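Just query.tsv here, TSV, C-alpha atoms and all ligand atoms:
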chain	number	residue	atom	x	y	z
A	900	MET	CA	-66.71	9.77	87.38
A	901	ALA	CA	-63.27	8.28	87.50
A	902	GLY	CA	-60.51	8.32	84.93
A	903	ILE	CA	-57.96	5.54	84.82
A	904	LEU	CA	-54.21	5.98	84.67
A	905	LEU	CA	-51.92	3.08	83.83
A	906	GLU	CA	-48.32	4.01	84.33
A	907	ASP	CA	-45.53	1.93	82.84
A	908	ILE	CA	-47.18	-1.42	83.57
A	909	ARG	CA	-44.86	-4.40	83.28
A	910	LYS	CA	-45.62	-8.06	83.72
A	911	SER	CA	-43.79	-11.33	83.05
A	912	PHE	CA	-45.01	-14.89	83.36
A	913	GLY	CA	-41.84	-16.88	84.07
A	914	ALA	CA	-39.30	-15.82	81.48
A	915	THR	CA	-41.92	-14.38	79.14
A	916	GLN	CA	-42.37	-10.63	79.27
A	917	VAL	CA	-46.03	-10.12	78.48
A	918	LEU	CA	-46.37	-6.38	79.18
A	919	LYS	CA	-43.32	-4.26	78.43
A	920	GLY	CA	-44.19	-0.91	79.96
A	921	VAL	CA	-47.70	0.17	79.01
A	922	THR	CA	-48.88	3.69	79.82
A	923	VAL	CA	-52.46	4.80	79.16
A	924	VAL	CA	-54.30	7.89	80.38
A	925	MET	CA	-58.08	7.49	80.24
A	926	GLN	CA	-60.46	10.39	80.68
A	927	PRO	CA	-63.39	10.04	83.09
A	928	GLY	CA	-66.34	8.50	81.27
A	929	GLU	CA	-64.26	7.41	78.31
A	930	PHE	CA	-64.93	4.18	76.41
A	931	LEU	CA	-61.60	2.70	75.40
A	932	SER	CA	-61.09	-0.52	73.45
A	933	LEU	CA	-57.95	-2.58	73.69
A	934	VAL	CA	-57.24	-4.36	70.43
A	935	GLY	CA	-54.31	-6.35	69.12
A	936	PRO	CA	-53.37	-9.80	67.94
A	937	SER	CA	-53.96	-12.83	70.14
A	938	GLY	CA	-51.45	-13.03	72.97
A	939	CYS	CA	-50.42	-9.35	72.87
A	940	GLY	CA	-51.36	-8.88	76.54
A	941	LYS	CA	-54.85	-7.30	76.41
A	942	THR	CA	-56.48	-9.60	78.96
A	943	THR	CA	-53.46	-9.45	81.24
A	944	LEU	CA	-53.63	-5.66	81.24
A	945	LEU	CA	-57.35	-5.75	81.99
A	946	ARG	CA	-56.81	-8.20	84.85
A	947	ILE	CA	-54.13	-5.93	86.28
A	948	ILE	CA	-56.58	-2.99	86.24
A	949	ALA	CA	-59.17	-5.20	87.95
A	950	GLY	CA	-56.69	-6.40	90.57
A	951	LEU	CA	-57.05	-10.04	89.50
A	952	GLU	CA	-53.39	-10.07	88.51
A	953	SER	CA	-50.57	-8.02	89.98
A	954	ALA	CA	-48.11	-6.06	87.87
A	955	ASP	CA	-44.37	-6.54	88.37
A	956	ALA	CA	-43.89	-2.80	88.03
A	957	GLY	CA	-45.98	0.26	87.33
A	958	ARG	CA	-49.00	1.92	88.92
A	959	VAL	CA	-52.77	1.82	88.44
A	960	LEU	CA	-54.82	4.85	89.47
A	961	VAL	CA	-58.61	5.02	89.35
A	962	GLY	CA	-60.15	8.44	89.86
A	963	GLY	CA	-56.82	9.77	91.01
A	964	ARG	CA	-56.53	7.16	93.76
A	965	GLU	CA	-53.73	4.62	93.54
A	966	VAL	CA	-55.18	1.10	93.62
A	967	THR	CA	-52.04	-0.81	92.62
A	968	GLY	CA	-51.79	-2.70	95.89
A	969	LEU	CA	-55.51	-3.10	96.56
A	970	ARG	CA	-57.45	-6.35	96.30
A	971	ALA	CA	-59.92	-6.64	93.43
A	972	ALA	CA	-62.84	-6.38	95.86
A	973	ASP	CA	-61.58	-3.04	97.17
A	974	ARG	CA	-61.19	-1.34	93.80
A	975	ASP	CA	-64.85	-0.67	93.09
A	976	ILE	CA	-64.48	-1.86	89.51
A	977	ALA	CA	-66.88	-4.25	87.76
A	978	MET	CA	-65.69	-6.80	85.25
A	979	VAL	CA	-67.76	-8.63	82.62
A	980	PHE	CA	-66.28	-11.77	81.12
A	981	GLN	CA	-66.85	-13.65	77.90
A	982	ASN	CA	-68.25	-16.67	79.75
A	983	TYR	CA	-70.87	-14.82	81.81
A	984	ALA	CA	-69.86	-16.31	85.20
A	985	LEU	CA	-73.39	-16.38	86.64
A	986	TYR	CA	-74.40	-18.35	89.73
A	987	PRO	CA	-76.30	-21.31	88.24
A	988	HIS	CA	-78.39	-22.05	91.35
A	989	LEU	CA	-79.67	-18.49	91.74
A	990	THR	CA	-82.43	-16.76	89.80
A	991	VAL	CA	-81.74	-13.80	87.55
A	992	ALA	CA	-83.00	-11.42	90.27
A	993	GLU	CA	-80.72	-13.06	92.81
A	994	ASN	CA	-77.78	-12.98	90.43
A	995	LEU	CA	-78.35	-9.28	89.91
A	996	ALA	CA	-78.67	-8.63	93.64
A	997	MET	CA	-75.60	-10.63	94.60
A	998	PRO	CA	-72.93	-7.96	94.05
A	999	LEU	CA	-74.87	-5.53	96.22
A	1000	ILE	CA	-75.23	-8.06	99.00
A	1001	MET	CA	-71.63	-9.22	98.81
A	1002	ARG	CA	-70.38	-5.71	99.01
A	1003	ARG	CA	-72.27	-4.70	102.09
A	1004	LEU	CA	-71.79	-7.89	104.08
A	1005	THR	CA	-68.71	-8.42	106.14
A	1006	ALA	CA	-69.21	-12.16	106.41
A	1007	PRO	CA	-70.32	-13.48	103.02
A	1008	GLN	CA	-69.83	-17.05	104.23
A	1009	ARG	CA	-72.96	-16.52	106.27
A	1010	LEU	CA	-74.93	-16.33	103.05
A	1011	PRO	CA	-76.72	-19.62	102.55
A	1012	LEU	CA	-79.44	-18.60	100.13
A	1013	LEU	CA	-80.72	-15.33	98.95
A	1014	GLY	CA	-84.31	-15.63	100.16
A	1015	ARG	CA	-83.14	-15.51	103.75
A	1016	LEU	CA	-80.11	-13.52	103.09
A	1017	MET	CA	-81.09	-10.06	102.23
A	1018	PRO	CA	-79.96	-8.91	105.59
A	1019	GLY	CA	-80.49	-5.63	107.28
A	1020	THR	CA	-83.44	-3.34	107.25
A	1021	ARG	CA	-86.47	-3.21	105.06
A	1022	ALA	CA	-85.12	0.02	103.56
A	1023	ARG	CA	-81.94	-1.78	102.59
A	1024	ARG	CA	-83.91	-4.59	100.96
A	1025	ALA	CA	-85.99	-2.04	99.10
A	1026	GLU	CA	-82.84	-0.35	97.83
A	1027	VAL	CA	-81.46	-3.62	96.52
A	1028	ALA	CA	-84.79	-4.41	94.86
A	1029	ALA	CA	-84.93	-0.96	93.27
A	1030	ARG	CA	-81.41	-1.24	91.86
A	1031	VAL	CA	-82.15	-4.71	90.49
A	1032	ALA	CA	-85.34	-3.43	88.85
A	1033	GLU	CA	-83.46	-0.49	87.35
A	1034	ALA	CA	-80.74	-2.67	85.86
A	1035	ALA	CA	-83.31	-5.19	84.62
A	1036	GLU	CA	-85.24	-2.45	82.87
A	1037	ALA	CA	-82.14	-0.94	81.29
A	1038	LEU	CA	-81.24	-4.34	79.86
A	1039	ARG	CA	-84.80	-5.44	79.07
A	1040	ILE	CA	-84.61	-8.57	81.24
A	1041	GLY	CA	-87.42	-7.66	83.62
A	1042	HIS	CA	-89.51	-10.61	82.40
A	1043	LEU	CA	-86.71	-13.07	83.19
A	1044	LEU	CA	-86.12	-12.23	86.83
A	1045	ASP	CA	-87.43	-15.55	88.18
A	1046	ARG	CA	-85.53	-17.79	85.78
A	1047	ARG	CA	-82.21	-19.52	86.43
A	1048	PRO	CA	-79.24	-19.13	84.05
A	1049	ALA	CA	-79.84	-22.58	82.48
A	1050	GLN	CA	-83.26	-21.36	81.33
A	1051	LEU	CA	-81.81	-18.40	79.41
A	1052	SER	CA	-80.35	-17.96	75.92
A	1053	GLY	CA	-76.72	-16.93	75.51
A	1054	GLY	CA	-77.70	-13.34	74.79
A	1055	GLN	CA	-79.99	-13.18	77.81
A	1056	ARG	CA	-77.25	-14.61	80.04
A	1057	GLN	CA	-74.84	-12.01	78.82
A	1058	ARG	CA	-77.35	-9.27	79.53
A	1059	VAL	CA	-77.70	-10.59	83.09
A	1060	ALA	CA	-73.90	-10.51	83.41
A	1061	LEU	CA	-73.92	-6.91	82.20
A	1062	GLY	CA	-76.75	-6.14	84.61
A	1063	ARG	CA	-74.74	-7.55	87.45
A	1064	ALA	CA	-71.93	-5.16	86.64
A	1065	LEU	CA	-74.41	-2.32	86.30
A	1066	VAL	CA	-76.22	-2.67	89.65
A	1067	ARG	CA	-73.04	-1.95	91.51
A	1068	GLN	CA	-72.68	1.47	89.95
A	1069	PRO	CA	-68.92	0.94	89.89
A	1070	ARG	CA	-66.26	3.54	89.21
A	1071	ALA	CA	-65.20	1.68	86.08
A	1072	PHE	CA	-66.30	-1.21	83.87
A	1073	LEU	CA	-63.88	-3.72	82.44
A	1074	MET	CA	-65.18	-5.99	79.71
A	1075	ASP	CA	-63.28	-8.90	78.25
A	1076	GLU	CA	-64.75	-9.94	74.90
A	1077	PRO	CA	-68.24	-9.88	76.39
A	1078	LEU	CA	-69.98	-10.53	73.07
A	1079	SER	CA	-67.82	-13.24	71.57
A	1080	ASN	CA	-70.18	-16.08	72.50
A	1081	LEU	CA	-73.16	-14.46	70.81
A	1082	ASP	CA	-74.37	-14.92	67.24
A	1083	ALA	CA	-73.99	-12.07	64.76
A	1084	GLU	CA	-77.42	-10.54	65.23
A	1085	LEU	CA	-77.37	-10.65	69.03
A	1086	ARG	CA	-73.89	-9.30	68.98
A	1087	ALA	CA	-74.97	-6.28	67.01
A	1088	SER	CA	-77.95	-5.58	69.26
A	1089	THR	CA	-76.02	-6.15	72.50
A	1090	ARG	CA	-73.27	-3.90	71.13
A	1091	ARG	CA	-75.82	-1.11	70.74
A	1092	GLU	CA	-77.13	-1.80	74.25
A	1093	ILE	CA	-73.67	-1.49	75.75
A	1094	VAL	CA	-73.10	1.78	73.89
A	1095	GLU	CA	-76.45	3.08	75.11
A	1096	LEU	CA	-75.72	1.98	78.70
A	1097	HIS	CA	-72.39	3.71	78.52
A	1098	ARG	CA	-74.01	6.85	77.17
A	1099	GLN	CA	-76.53	6.87	80.03
A	1100	ALA	CA	-74.29	5.84	82.91
A	1101	GLY	CA	-71.10	7.47	81.60
A	1102	VAL	CA	-68.92	5.01	83.48
A	1103	THR	CA	-65.30	4.78	82.31
A	1104	THR	CA	-65.06	1.54	80.35
A	1105	VAL	CA	-62.16	-0.56	79.13
A	1106	TYR	CA	-63.26	-3.07	76.53
A	1107	VAL	CA	-61.08	-5.90	75.25
A	1108	THR	CA	-62.03	-7.26	71.86
A	1109	HIS	CA	-60.54	-8.89	68.82
A	1110	ASP	CA	-63.52	-7.67	66.80
A	1111	GLN	CA	-62.53	-4.51	64.97
A	1112	VAL	CA	-66.10	-3.56	64.19
A	1113	GLU	CA	-66.83	-3.53	67.92
A	1114	ALA	CA	-63.73	-1.51	68.67
A	1115	MET	CA	-64.37	0.99	65.89
A	1116	THR	CA	-68.09	1.47	66.45
A	1117	MET	CA	-68.23	1.53	70.25
A	1118	SER	CA	-65.15	3.36	71.38
A	1119	ASP	CA	-64.17	6.94	72.03
A	1120	ARG	CA	-60.58	5.79	71.55
A	1121	VAL	CA	-58.85	2.60	70.50
A	1122	ALA	CA	-55.56	1.35	71.97
A	1123	VAL	CA	-53.65	-0.89	69.58
A	1124	MET	CA	-51.32	-3.29	71.39
A	1125	MET	CA	-48.73	-5.63	69.98
A	1126	GLY	CA	-46.11	-7.75	71.66
A	1127	GLY	CA	-46.82	-6.32	75.10
A	1128	LYS	CA	-46.52	-2.70	73.98
A	1129	LEU	CA	-49.00	0.03	73.21
A	1130	LEU	CA	-48.36	1.05	69.61
A	1131	GLN	CA	-51.02	3.70	69.14
A	1132	LEU	CA	-53.87	5.28	71.05
A	1133	GLY	CA	-56.38	7.43	69.20
A	1134	THR	CA	-59.94	7.82	67.99
A	1135	PRO	CA	-61.14	5.06	65.65
A	1136	ARG	CA	-60.64	7.40	62.68
A	1137	GLU	CA	-57.17	8.45	63.76
A	1138	VAL	CA	-55.86	4.92	64.13
A	1139	TYR	CA	-57.51	3.79	60.88
A	1140	GLU	CA	-56.66	6.76	58.69
A	1141	HIS	CA	-53.37	7.77	60.26
A	1142	PRO	CA	-51.79	4.59	61.65
A	1143	CYS	CA	-48.45	5.26	63.30
A	1144	ASP	CA	-46.77	2.41	61.47
A	1145	LEU	CA	-47.33	-0.46	59.09
A	1146	ARG	CA	-48.10	-2.93	61.91
A	1147	VAL	CA	-51.08	-0.84	63.03
A	1148	ALA	CA	-52.16	-0.19	59.42
A	1149	ALA	CA	-52.05	-3.91	58.68
A	1150	PHE	CA	-53.84	-4.92	61.87
A	1151	LEU	CA	-56.80	-2.57	61.35
A	1152	GLY	CA	-59.08	-3.13	58.39
A	1153	SER	CA	-60.45	-6.18	56.66
A	1154	PRO	CA	-59.33	-7.17	54.14
A	1155	ARG	CA	-55.86	-6.10	55.11
A	1156	ILE	CA	-54.36	-2.92	53.66
A	1157	ASN	CA	-52.55	-3.47	50.33
A	1158	THR	CA	-48.83	-2.91	50.55
A	1159	LEU	CA	-46.71	-2.07	47.51
A	1160	PRO	CA	-42.92	-1.71	47.48
A	1161	VAL	CA	-42.06	1.70	46.01
A	1162	LEU	CA	-39.09	4.04	45.67
A	1163	ALA	CA	-39.30	7.69	46.67
A	1164	GLY	CA	-39.10	10.23	43.82
A	1165	GLU	CA	-39.60	14.01	43.45
A	1166	GLY	CA	-43.21	14.63	44.53
A	1167	GLN	CA	-44.12	11.08	43.56
A	1168	VAL	CA	-43.18	7.47	44.19
A	1169	HIS	CA	-42.20	4.79	41.69
A	1170	LEU	CA	-43.68	1.34	41.47
A	1171	GLY	CA	-41.53	-0.39	38.85
A	1172	PRO	CA	-42.03	1.72	35.69
A	1173	LEU	CA	-45.09	3.56	37.07
A	1174	ALA	CA	-44.94	6.97	38.71
A	1175	LEU	CA	-47.66	7.38	41.36
A	1176	PRO	CA	-48.78	10.83	42.55
A	1177	VAL	CA	-47.96	10.39	46.22
A	1178	ALA	CA	-45.50	12.84	47.77
A	1179	ALA	CA	-42.89	11.20	49.97
A	1180	LYS	CA	-40.96	12.99	52.68
A	1181	ALA	CA	-38.06	10.59	52.12
A	1182	PRO	CA	-34.96	11.33	49.99
A	1183	PRO	CA	-35.27	10.25	46.34
A	1184	GLY	CA	-34.42	6.60	45.92
A	1185	ALA	CA	-35.43	5.61	49.47
A	1186	ARG	CA	-37.29	2.31	49.74
A	1187	LEU	CA	-40.80	2.79	51.01
A	1188	THR	CA	-43.96	0.76	51.45
A	1189	LEU	CA	-47.09	2.28	49.99
A	1190	GLY	CA	-50.28	1.35	51.83
A	1191	LEU	CA	-53.60	1.48	49.98
A	1192	ARG	CA	-56.82	0.34	51.64
A	1193	PRO	CA	-59.04	-1.87	49.44
A	1194	GLU	CA	-61.82	0.74	49.53
A	1195	ALA	CA	-59.44	3.39	48.15
A	1196	LEU	CA	-59.34	1.54	44.82
A	1197	CYS	CA	-61.81	1.60	41.96
A	1198	LEU	CA	-61.86	0.45	38.36
A	1199	GLY	CA	-60.59	2.61	35.49
A	1200	GLY	CA	-59.03	6.04	35.52
A	1201	PRO	CA	-56.20	7.56	33.51
A	1202	ARG	CA	-53.46	7.10	36.12
A	1203	GLY	CA	-54.59	3.60	37.08
A	1204	LEU	CA	-52.55	0.53	37.77
A	1205	PRO	CA	-52.77	-2.16	35.08
A	1206	ALA	CA	-53.68	-5.51	36.66
A	1207	ARG	CA	-55.10	-8.95	35.91
A	1208	VAL	CA	-58.02	-10.40	37.89
A	1209	ASP	CA	-57.06	-13.43	40.00
A	1210	HIS	CA	-60.20	-14.06	41.90
A	1211	LEU	CA	-63.55	-12.43	42.80
A	1212	GLU	CA	-65.30	-12.67	46.17
A	1213	PHE	CA	-68.97	-11.73	46.25
A	1214	LEU	CA	-69.97	-10.12	49.58
A	1215	GLY	CA	-73.51	-9.00	48.81
A	1216	ALA	CA	-73.58	-5.28	48.12
A	1217	GLU	CA	-69.85	-5.30	47.47
A	1218	LEU	CA	-67.26	-7.49	45.93
A	1219	LEU	CA	-63.58	-8.08	46.60
A	1220	LEU	CA	-61.50	-8.11	43.49
A	1221	HIS	CA	-58.18	-9.90	43.94
A	1222	ALA	CA	-55.76	-8.96	41.21
A	1223	ARG	CA	-52.09	-9.03	40.31
A	1224	LEU	CA	-50.47	-5.77	39.29
A	1225	GLU	CA	-48.48	-5.92	36.10
A	1226	ALA	CA	-45.86	-3.73	37.74
A	1227	GLY	CA	-43.92	-5.98	40.06
A	1228	GLN	CA	-46.47	-8.79	39.99
A	1229	VAL	CA	-47.79	-7.62	43.37
A	1230	SER	CA	-51.14	-8.93	44.67
A	1231	ILE	CA	-53.75	-6.30	45.42
A	1232	ILE	CA	-57.35	-6.34	46.69
A	1233	ALA	CA	-60.02	-3.79	45.74
A	1234	ARG	CA	-63.41	-3.45	47.43
A	1235	LEU	CA	-65.92	-2.46	44.75
A	1236	PRO	CA	-69.67	-2.03	44.40
A	1237	VAL	CA	-70.96	-5.19	42.72
A	1238	ALA	CA	-72.43	-3.23	39.78
A	1239	GLU	CA	-69.03	-1.71	39.02
A	1240	ALA	CA	-67.48	-5.13	38.50
A	1241	ALA	CA	-70.30	-6.54	36.33
A	1242	GLY	CA	-69.01	-8.74	33.53
A	1243	LEU	CA	-65.53	-9.16	34.97
A	1244	GLY	CA	-64.09	-12.65	35.05
A	1245	ILE	CA	-60.91	-14.34	36.19
A	1246	GLY	CA	-58.00	-13.41	33.94
A	1247	ALA	CA	-59.59	-10.13	32.77
A	1248	SER	CA	-57.31	-7.12	32.31
A	1249	VAL	CA	-58.35	-4.12	34.41
A	1250	THR	CA	-56.98	-0.77	35.45
A	1251	LEU	CA	-57.20	0.06	39.13
A	1252	ALA	CA	-57.41	3.73	39.97
A	1253	ALA	CA	-56.74	4.89	43.48
A	1254	ASP	CA	-57.71	7.72	45.74
A	1255	TRP	CA	-54.10	8.75	46.16
A	1256	THR	CA	-54.97	11.22	48.92
A	1257	ALA	CA	-55.81	8.19	51.09
A	1258	ALA	CA	-52.48	6.47	50.35
A	1259	LEU	CA	-50.14	5.89	53.29
A	1260	LEU	CA	-46.36	5.74	53.10
A	1261	PHE	CA	-44.19	3.78	55.50
A	1262	ASP	CA	-40.49	3.33	55.84
A	1263	ALA	CA	-39.81	-0.07	54.29
A	1264	GLU	CA	-37.66	-1.03	57.28
B	1	LIG	P1	-56.27	-13.17	73.32
B	1	LIG	O1	-56.71	-12.13	72.32
B	1	LIG	O2	-55.89	-14.46	72.67
B	1	LIG	O3	-57.21	-13.33	74.46
B	1	LIG	P2	-54.53	-11.43	74.86
B	1	LIG	O4	-53.98	-10.31	74.07
B	1	LIG	O5	-55.66	-11.16	75.76
B	1	LIG	O6	-54.86	-12.65	73.91
B	1	LIG	P3	-53.20	-12.39	77.24
B	1	LIG	O7	-54.30	-13.34	77.62
B	1	LIG	O8	-53.04	-11.16	78.02
B	1	LIG	O9	-53.31	-12.02	75.69
B	1	LIG	O10	-51.85	-13.24	77.25
B	1	LIG	C1	-50.61	-12.64	76.91
B	1	LIG	C2	-49.54	-13.70	76.99
B	1	LIG	O11	-49.34	-14.09	78.34
B	1	LIG	C3	-49.85	-14.96	76.21
B	1	LIG	O12	-48.67	-15.39	75.60
B	1	LIG	C4	-50.29	-15.92	77.29
B	1	LIG	O13	-49.97	-17.24	76.92
B	1	LIG	C5	-49.49	-15.48	78.48
B	1	LIG	N1	-50.17	-15.72	79.76
B	1	LIG	C6	-51.34	-15.17	80.15
B	1	LIG	N2	-51.67	-15.56	81.39
B	1	LIG	C7	-50.68	-16.41	81.80
B	1	LIG	C8	-50.42	-17.14	83.00
B	1	LIG	N3	-51.26	-17.09	84.04
B	1	LIG	N4	-49.29	-17.88	83.05
B	1	LIG	C9	-48.45	-17.92	82.02
B	1	LIG	N5	-48.61	-17.24	80.87
B	1	LIG	C10	-49.71	-16.50	80.75

Encoding of this model in structure tokens:
Amino acid sequence: MAGILLEDIRKSFGATQVLKGVTVVMQPGEFLSLVGPSGCGKTTLLRIIAGLESADAGRVLVGGREVTGLRAADRDIAMVFQNYALYPHLTVAENLAMPLIMRRLTAPQRLPLLGRLMPGTRARRAEVAARVAEAAEALRIGHLLDRRPAQLSGGQRQRVALGRALVRQPRAFLMDEPLSNLDAELRASTRREIVELHRQAGVTTVYVTHDQVEAMTMSDRVAVMMGGKLLQLGTPREVYEHPCDLRVAAFLGSPRINTLPVLAGEGQVHLGPLALPVAAKAPPGARLTLGLRPEALCLGGPRGLPARVDHLEFLGAELLLHARLEAGQVSIIARLPVAEAAGLGIGASVTLAADWTAALLFDAE
């Protein structure tokens, strides 16, 4: 298995600096998600690993071997895109076999059609057929092998695209939002399939997504990028529970983390007239931002925050309570079990208690 090292990767398009020195060390077999707001450079970084784009500066190593100057075809890395990129005129079996054939043939232009074009010995043909069957079984598309892409659903097409990456047994997988064209249910099941495939094959995987649930549930580690820089790299729990700064805290989690302007005190912080039991490492009087996730709030409690209900959003098992704190007239969102909020209406006075041990403090600057 091969780890991936990205060393100080820089890239500009014209005058726009898109990657400003990104360094990532990936362990062999690791599943790493790249997340960050649209335009932060995730796809560009992935394309640089694949060799589809060249970096202006920096190095890419796969399995200890520098591949920075190599063509995509020589890197032994498989990439799965959002839009499947299947050959429409070939069957599923032929689509799956294609990467194997392309790789072994020195003159791919001699390939008119696959029936005639499995070149070489019978043993070689048998090997290709065995690998195709293996990938088809892993992805449960064995019954679709004779169909063409137009005769498949979106989810089936994406499984064929994954299968095509799988047959090659590459040193690394790169996936760029591979599930974003699928509906919610298929997305969830394909997500589990990818996790299972990764568990079985153990191939180092870099996964670009804007879906936090995907990033959190699938990954060994999550890399949070913003503005062409890597802000934080850690396990899903680390980046969620201990974000390195307010940008990361605000990017991860839906609804967004609540932020309250507070002043540091002795062993507590002050929100207007209220003293909150959160110890700050800052000198008394320093301006801080207190971060409280919506799920860290509940109704009631002696040291709660008095608030007035603005709006209620019913989610099914849970409910989002949007309220305005009396102290400072700050908006706040609490995620509550529906039963807990029974009988509450807009304009009601409530007290919001918090799990203060889960509170985060950030420098207001
Ligand atoms: P998204 O989540 O929207 O896919 P991303 O984080 O993957 O975004 P990139 O696709 O890497 O972002 O793009 C980063 C920036 O580089 C964007 O501002 C984009 O417009 C710009 N960019 C990407 N490719 C090119 C290109 N070939 N020429 C010029 N600018 C480009």

(message) Please return as an NGL selection string the residues found within 10 Å of ligand LIG 1 (chain B), counting all atoms listed in the file.
(response) :A and (910-918 or 933-947 or 952 or 1075-1076 or 1107-1110 or 1124-1127)

Pull C-alpha atoms from the residues just selected and write them as a PDB file, in the frame of the given file.
ATOM      1  CA  LYS A 910     -45.620  -8.060  83.720  1.00  0.00           C
ATOM      2  CA  SER A 911     -43.790 -11.330  83.050  1.00  0.00           C
ATOM      3  CA  PHE A 912     -45.010 -14.890  83.360  1.00  0.00           C
ATOM      4  CA  GLY A 913     -41.840 -16.880  84.070  1.00  0.00           C
ATOM      5  CA  ALA A 914     -39.300 -15.820  81.480  1.00  0.00           C
ATOM      6  CA  THR A 915     -41.920 -14.380  79.140  1.00  0.00           C
ATOM      7  CA  GLN A 916     -42.370 -10.630  79.270  1.00  0.00           C
ATOM      8  CA  VAL A 917     -46.030 -10.120  78.480  1.00  0.00           C
ATOM      9  CA  LEU A 918     -46.370  -6.380  79.180  1.00  0.00           C
ATOM     10  CA  LEU A 933     -57.950  -2.580  73.690  1.00  0.00           C
ATOM     11  CA  VAL A 934     -57.240  -4.360  70.430  1.00  0.00           C
ATOM     12  CA  GLY A 935     -54.310  -6.350  69.120  1.00  0.00           C
ATOM     13  CA  PRO A 936     -53.370  -9.800  67.940  1.00  0.00           C
ATOM     14  CA  SER A 937     -53.960 -12.830  70.140  1.00  0.00           C
ATOM     15  CA  GLY A 938     -51.450 -13.030  72.970  1.00  0.00           C
ATOM     16  CA  CYS A 939     -50.420  -9.350  72.870  1.00  0.00           C
ATOM     17  CA  GLY A 940     -51.360  -8.880  76.540  1.00  0.00           C
ATOM     18  CA  LYS A 941     -54.850  -7.300  76.410  1.00  0.00           C
ATOM     19  CA  THR A 942     -56.480  -9.600  78.960  1.00  0.00           C
ATOM     20  CA  THR A 943     -53.460  -9.450  81.240  1.00  0.00           C
ATOM     21  CA  LEU A 944     -53.630  -5.660  81.240  1.00  0.00           C
ATOM     22  CA  LEU A 945     -57.350  -5.750  81.990  1.00  0.00           C
ATOM     23  CA  ARG A 946     -56.810  -8.200  84.850  1.00  0.00           C
ATOM     24  CA  ILE A 947     -54.130  -5.930  86.280  1.00  0.00           C
ATOM     25  CA  GLU A 952     -53.390 -10.070  88.510  1.00  0.00           C
ATOM     26  CA  ASP A1075     -63.280  -8.900  78.250  1.00  0.00           C
ATOM     27  CA  GLU A1076     -64.750  -9.940  74.900  1.00  0.00           C
ATOM     28  CA  VAL A1107     -61.080  -5.900  75.250  1.00  0.00           C
ATOM     29  CA  THR A1108     -62.030  -7.260  71.860  1.00  0.00           C
ATOM     30  CA  HIS A1109     -60.540  -8.890  68.820  1.00  0.00           C
ATOM     31  CA  ASP A1110     -63.520  -7.670  66.800  1.00  0.00           C
ATOM     32  CA  MET A1124     -51.320  -3.290  71.390  1.00  0.00           C
ATOM     33  CA  MET A1125     -48.730  -5.630  69.980  1.00  0.00           C
ATOM     34  CA  GLY A1126     -46.110  -7.750  71.660  1.00  0.00           C
ATOM     35  CA  GLY A1127     -46.820  -6.320  75.100  1.00  0.00           C
TER      36      GLY A1127
END

(message) For Gly968 (chain A), find every residue with an atom within 10 Å (counting all atoms listed in the file), except residues of its own chain fewer than 3 positions away, and show them as a list in words.
(response)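 The residues satisfying every condition are Gly950, Ser953, Ala954, Arg958, Val959, Glu965, Ala971, Asp973 and Arg974 of chain A.
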
(message) Given only C-alpha atoms as the basis, pick out the residue of A:Ala984, A:Ala1185, A:Val1094, A:Met900 nearest to Tyr1106 (chain A).
(response) A:Val1094

(request) Choose the residue, out of A:Val924, A:Leu931, A:Leu1145, A:Ala1257, that has the smallest atom-to-atom separation from Glu1113 (chain A); count all atoms listed in the file. (result)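 Closest to Glu1113 (chain A) of all the choices is A:Leu931.
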
(message) Residues near region 1207-1220 of chain A, anyone? I mean within 9 Å using all atoms listed in the file, not counting same-chain ones fewer than 5 positions away, as a PyMOL selection string.
(response) chain A and resi 1154+1193+1225+1230-1238+1240+1243-1250

(request) Find the spatial neighbours of Ala1148 (chain A), counting all atoms listed in the file, within a cut-off of 10 Å - ignore same-chain residues fewer than 2 positions away - and output them as a PyMOL selection string. (result) chain A and resi 1138-1146+1150-1152+1155-1158+1190-1192+1259+1261

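The shortest atom-to-atom distance to Leu905 (chain A), with only C-alpha atoms taken into account, belongs to A:Leu960 out of A:Val966, A:Leu960, A:Leu951, A:Met1074.
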
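The coordinates place CA of Ile1040 (chain A) at 18.5 Å from CA of Asp1082 (chain A).
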
(request) Record the distance separating CA of Ala1087 (chain A) and CA of Ala1114 (chain A), expressed in Å with one decimal. (result) 12.3 Å

(request) Using only C-alpha atoms, find the one residue out of A:Val1161, A:Ile1000, A:Ala1060, A:Val921 that sits nearest to Arg1023 (chain A). (result) A:Ile1000

(request) Grab the CA of Val1105 (chain A) to CA of His1042 (chain A) distance for me, in Å with one decimal place. (result) 29.3 Å
